[in-house]
Each structure stands twice: as C-alpha cells, then as structure tokens.
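Below is one structure, written out as structure tokens, with a few remarks after it.
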Amino acid sequence: MVDPDTRLMLDFVRGEPSAFRELVRRNQDMVFKLAYRYLVDHAEAEDIVQEVFLKVHGAARGYQPTARFTTWVYRITVNLCLNRLRSSRLRRSVSLEAVGEEEDFSVEVAAAEPETASGRLEREELEQKVHEAMVSLPDSQRTAVLLRRTSELSYEQIAEVMETTVPAVKSLLARARQTLKSRLAKYL
C-alpha cells in the first residue's frame, strides 16, 4: 500500500498541480522543524523549506517511489542543512528539546517558581554547553540524534534517511550518547 504523500507525489507527476500544493501543506512544518534544529535561524530554516520543495518539484519527472515520500524529503532536508552549515559556516546550535529525554540524551533544567538571576545564568550556561557538545559531534552523529529526537523517527526510518543500516544508526546514537555524557557530565 502506498503512503498518502507518495500517492500525492505520483498524482503531481501525472499532472495534478493541486497534489503538489497538498504535499507542501502536509510536510512544510516537518521540514521547517528539522531545518531549524540544524540552523537555529528562522530565516535560514524558511529558506531551506523553499529549497526542499523546489528540489521536490524539480525532481518530479524522475521520481521513483523507492521509499516513503517523507524519507526522501528528510534526506533532502538533511543534505541541504549540512551543505548550508558547511558553506556559510553558521554557528551550529541546538535547543535543549532537541537533545531529548530518551536514551540518556536528557538535559533537564529545573524550573524554579520565578526564575532567579543565578538560575537563569545557570540555565544559559547549560544551554551553551549543550550547544557546544552538539556542535562538536560529527555530522552523522548529530543527524542521527536530531532525526531521533526532533523528528521522532524509528531506527529503521533514520537508516533509510541516512542511507545506512539500523546497526549503524544504533552505533551512531551510542557514540553520540557517550560523547554527550562525557562532555556534559559535570553539568548534569
């Protein structure tokens, strides 16, 4: 059974422009969310959304549904984000939510009733250290973490997006977890 997005893409390939508009409507938030986690810049993430759908539109004639449509879109998004980071040398950043709670990626900041000045400084310092730790990860590890935590993809879906195997994804996540734990140990 073909997933709804793949069906829409095939309808677009057959000449239904409304199918493309529906694809954009259904997937633009997901693309923006992932792009923003990589770039931490609203305008840059919006540019990536446009670029992703321009690429999807441009590739329509040769589209072959070998994987789920969203897997293909995630792959395009990740590649564009990594290219943007490399070419423009944007500071890589990540919010605390992207690190998540599962699999020892947790970073919890205690919420004080009203936040004190010292509490705010501690939280900002922790956010900076998380940022530095995530930036220091190799691209493949950072990609696996962001796809797992931000997009909540399964190991199998991450493997498809990254064009690798499930054991490789598990290994990337384990190495990222160890690196993050060691770099953030004194803050957690």
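Ligands are numbered from 1 in the order shown, residues from 1 within each chain, and chains are lettered A, B, ... in the order they appear in the structure tokens.
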Just want the 10 Å neighbourhood of region 168-179 of chain A, counted on only C-alpha atoms, with same-chain residues fewer than 4 positions away dropped. Output as a ChimeraX atom specification.
/A:99,103-106,133-134,136-138,140-145,148,154-160,162-164,183-185
Which neighbours of Lys55 (chain A) fall inside 12 Å, counting only C-alpha atoms, when residues of the same chain fewer than 5 positions from it are skipped, and could you give them as an NGL selection string?
:A and (24 or 48-50 or 60-63 or 72-73 or 75-77 or 79-80)
Taking the DSSP assignment computed from this structure's backbone, write out as a count of residues only all residues of chain A that belong to alpha helix (DSSP H).
132
Given only C-alpha atoms as the basis, pick out the residue of A:Phe20, A:Gln64, A:Ala43, A:Tyr74 nearest to Val161 (chain A).
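Using only C-alpha atoms, the shortest distance to Val161 (chain A) belongs to A:Tyr74.
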Gap from CA of Glu16 (chain A) to CA of Ala59 (chain A) - Å, one decimal
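Straight-line distance from CA of Glu16 (chain A) to CA of Ala59 (chain A) works out to 15.1 Å.
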Nearest candidate to Val135 (chain A) (options A:Cys81, A:Val56, A:Arg25, A:Leu180; using only C-alpha atoms):
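Ranking A:Cys81, A:Val56, A:Arg25, A:Leu180 by distance to Val135 (chain A), first place goes to A:Leu180.
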Report as a CSV table (one decimal) with N, CA and C atoms, in the first residue's frame all protein, DNA and RNA residues lying within 7 Å of Leu8 (chain A), evaluated on only C-alpha atoms, omitting residues in the same chain fewer than 2 positions from it.
```
chain,number,residue,atom,x,y,z
A,4,PRO,N,0.1,8.1,1.7
A,4,PRO,CA,-0.6,9.2,1.1
A,4,PRO,C,0.3,10.2,0.4
A,5,ASP,N,1.4,10.5,1.0
A,5,ASP,CA,2.3,11.5,0.4
A,5,ASP,C,2.9,11.0,-0.9
A,6,THR,N,3.2,9.7,-0.9
A,6,THR,CA,3.8,9.1,-2.2
A,6,THR,C,2.7,9.2,-3.2
A,10,LEU,N,2.9,11.1,-6.8
A,10,LEU,CA,2.6,10.4,-8.1
A,10,LEU,C,1.5,11.1,-8.8
A,11,ASP,N,0.5,11.6,-8.1
A,11,ASP,CA,-0.6,12.4,-8.7
A,11,ASP,C,0.0,13.7,-9.4
A,12,PHE,N,0.9,14.3,-8.7
A,12,PHE,CA,1.6,15.5,-9.2
A,12,PHE,C,2.3,15.2,-10.5
A,19,ALA,N,-2.0,18.5,-6.2
A,19,ALA,CA,-1.3,17.4,-5.4
A,19,ALA,C,0.0,18.0,-4.8
A,20,PHE,N,0.7,18.8,-5.5
A,20,PHE,CA,1.9,19.4,-5.0
A,20,PHE,C,1.6,20.3,-3.9
A,23,LEU,N,1.1,18.4,-0.9
A,23,LEU,CA,2.3,17.9,-0.3
A,23,LEU,C,3.1,18.9,0.5
```
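Proximity to Val78 (chain A) was assessed for A:Leu121, A:Val166, A:Ala35, A:Leu126 counting only C-alpha atoms; the smallest distance is recorded for A:Ala35.
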Counting only C-alpha atoms, which residue out of A:Asp139, A:Tyr187, A:Leu54, A:Gly15 sits closest to Glu122 (chain A)?
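For Glu122 (chain A), the nearest of the candidates is A:Tyr187.
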Do a neighbour search on Glu44 (chain A) at 12 Å with only C-alpha atoms, toss out local chain neighbours closer than 6 positions, and write the hits as a PyMOL selection string.
chain A and resi 31-38+50-51+80-81+84-85+88+90
A:Leu153, A:Ala117, A:Thr165, A:Ser182 ranked by distance to Lys129 (chain A), top pick (using only C-alpha atoms):
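Closest residue, counting only C-alpha atoms: A:Ser182.
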